[in-house]
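Inspection log for the structure reproduced underneath, given as structure tokens.
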Number of protein chains: 2
Amino acid sequence: MTTTVGKLIGVSLGPGNPQWLTRAAWSLLSEARCWAWPVAKVGGESYARAILERAGLAPPPRTLVLHFPMIRDRRLLEAHWRTAAEASLAILREGIDLPFLVEGDASFYATFRHLERAIRELDPTIRSEVIPGVASPLAAAALSGRALCDGEESLAIVPATIGLERLERLLTDFEIVVLMKVRPMLAEVITLLERRGLSHKAIFVERAGTPEERVVTDLGQLKDQEVHYLSLLIVHSHDGEAALGMRGT
Amino acid sequence: MTTTVGKLIGVSLGPGNPQWLTRAAWSLLSEARCWAWPVAKVGGESYARAILERAGLAPPPRTLVLHFPMIRDRRLLEAHWRTAAEASLAILREGIDLPFLVEGDASFYATFRHLERAIRELDPTIRSEVIPGVASPLAAAALSGRALCDGEESLAIVPATIGLERLERLLTDFEIVVLMKVRPMLAEVITLLERRGLSHKAIFVERAGTPEERVVTDLGQLKDQEVHYLSLLIVHSHDGEAALGMRGT
């Protein structure tokens with residue numbers, strides 16, 4: 001007798017534009033018997049699910065909504081992952097493959113591997129895979145009209161929470177610095193960039209690829225604004241220097 | 001009288017698996033009247049073009065092969081870009097949109113923006129756009145079985161040419177270091193990682209998504225081997241430390 005257990009699949013959807021889905025994601029989701037997706041609040045919206053709505057891709061009859069609150073308390077988080085893992089495992093054990101929807105890329109500041117780990121703690125034999133996708137800094141770069149990085153350039157990608165002191169060092173040491181989820185620090189970061197004469201070398205991108213997408217190069221206007229938590233800042237901090245002989249400007 | 005000039009489009013194809021093409025890339029290339037792609041040698045193979053062959057996507061009757069040799073001499077390179085720009089411009093001025101094929105992502109260590117600049121130097125009115133795609137570190141992470149970065153982690157992406165001294169500092173300062181195009185430095189880098197006790201925290205990935213793909217975690221075996229130039233190394237240098245409370249291991 002063979003028991004076939006389903007496979008867990010982290011499906012990267014890209015940051016927002018349904019045209020940025022990969023063919024792999026599209027065909028997998030079109031044929032899947034069940035989709036799982038995370039919500040931050042019970043009954044709340046899912047950013048990933050909304051991308052598929054815009055894509056015109058209808059969910060299968062069966063769906064699994066997993067509650068991952070945006071909290072930092074590890075014990076509470078573990079409890080939520082455990083609950084999500086149990087619900088996922090029940091479906092996998094019916095022999096159903098379970099795609100888990102991820103906005104952006106499932107390997108890039110995403111929840112997927114936490115869910116995978118929690119499931120493996122319950123059943124180490126569960127197979128899994130990740131379908132890679134368009135990560136938000138690449139989407140933002142495409143919209144910005146210039147390369148993210150080139151030639152011999154070095155790139156640092158950091159959460160905005162690293163603090164201003166370390167950020168200042170990175171701006172010296174790296175040709176390009178990407179600040180992820182910049183919202184909580186935006187005003188301070190803009191002030192720092194202005195002081196360093198770098199504010200015109202930065203690009204702010206919010207919800208790339210969605211109908212609410214914004215690309216802002218005049219950072220001053222952002223200082224008093226509320227921005228979305230899915231926003232990032234690309235700083236070409238060495239722009240105009242001769243560090244790279246073949247650079248265009 | 002309206003003259004319609006074509007648009008230049010940098011089309012990211014991802015690093016190798018034709019299933020990793022985006023829907024945007026697929027539909028654009030399916031309908032395009034002409035494709036352009038780069039070769040390093042006259043009459044040579046194109047890595048990007050090979051991805052589309054594996055995808056079963058046939059080129060349109062008209063194609064433009066652009067010669068970008070792998071050299072560092074800036075004046076020679078500029079001459080090649082200029083020649084490529086003139087050939088591209090002739091097609092754009094016929095009113096034909098011109099997709100330029102890029103392996104990986106067109107914003108990520110790619111030639112596309114050089115071509116765009118060279119064309120704009122001849123005609124500043126030419127419109128262009130980039131379709132983002134799967135960048136190789138994200139594809140490599142998907143294959144590696146773990147996230148590239150997570151939570152409060154910081155990520156440095158650098159060409160292997162930065163040198164061992166700077167690399168050693170990055171391994172201290174960043175949770176994750178990605179070394180792009182690691183071939184010329186591979187033996188020295190492995191020796192450094194072994195000395196620092198980090199070699200078991202590194203993953204080598206070569207030609208992700210192609211039939212020749214390799215994922216190697218036992219780095220010692222690579223020391224005497226010739227590897228492909230499209231290869232990278234991901235080092236989770238702080239693995240096992242308590243830097244991130246919610247990390248799985």
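Ligands are numbered from 1 in the order shown, residues from 1 within each chain, and chains are lettered A, B, ... in the order they appear in the structure tokens.
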Find the residues of chain B in contact range of chain A, meaning any atom within 7 Å when counting only C-alpha atoms, and list them as number ranges by chain.
-> B: 19-24, 74, 107-110, 113-114, 117, 130-134, 138-139, 141-142, 146-159, 246, 248
Skip B:Thr4 itself and residues of its chain fewer than 6 positions away, then list as a PyMOL selection string all residues within 9 Å of it, counting only C-alpha atoms.
-> chain B and resi 93-96
Per DSSP on the backbone, what are the strand (DSSP E) residues of stretch 4-143 of chain A, as an NGL selection string?
-> :A and (8-12 or 34-39 or 62-67 or 98-102 or 128-131)
Which of stretch 1-240 of chain B DSSP labels alpha helix (DSSP H), written as a PyMOL selection string | chain B and resi 23-31+47-55+74-92+112-122+136-144+164-173+186-195
If we count only C-alpha atoms, what is near A:Glu206 at a cut-off of 7 Å, once residues fewer than 2 positions away on the same chain are taken out, given as JSON, numbers by chain?
-> {"A": [204, 208, 213, 214, 215, 228, 230, 231, 232]}
Include C-alpha atoms and write out the residues we just selected as a CSV table (one decimal), in the first residue's frame.
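The new file again_32.csv reads:
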```
chain,number,residue,atom,x,y,z
A,204,PHE,CA,11.3,55.5,-2.9
A,208,ALA,CA,5.4,48.1,-6.8
A,213,GLU,CA,2.1,51.9,-6.8
A,214,ARG,CA,4.1,55.0,-6.1
A,215,VAL,CA,7.7,55.8,-7.3
A,228,HIS,CA,2.5,51.9,3.2
A,230,LEU,CA,5.4,47.6,1.8
A,231,SER,CA,7.7,50.3,0.7
A,232,LEU,CA,11.5,50.5,0.2
```
Shell of 9 Å around B:Leu98, only C-alpha atoms, local chain residues under 2 positions omitted, as a list in words = Gly6, Lys7, Leu8, Ile9, Gly10, Ala32, Arg33, Cys34, Trp35, Ala36, Ser88, Ile91, Leu92, Ile96 and Phe100 of chain B
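For the residues B:Gly43, B:Gly220, B:Gly209, B:Pro69, ranking by smallest atom-to-atom distance to B:Glu103 using only C-alpha atoms places B:Gly209 first.
Counting only C-alpha atoms and comparing B:Lys41, B:His200, B:Val216, B:Glu188, the residue that lies closest to B:Ile71 is B:Lys41.
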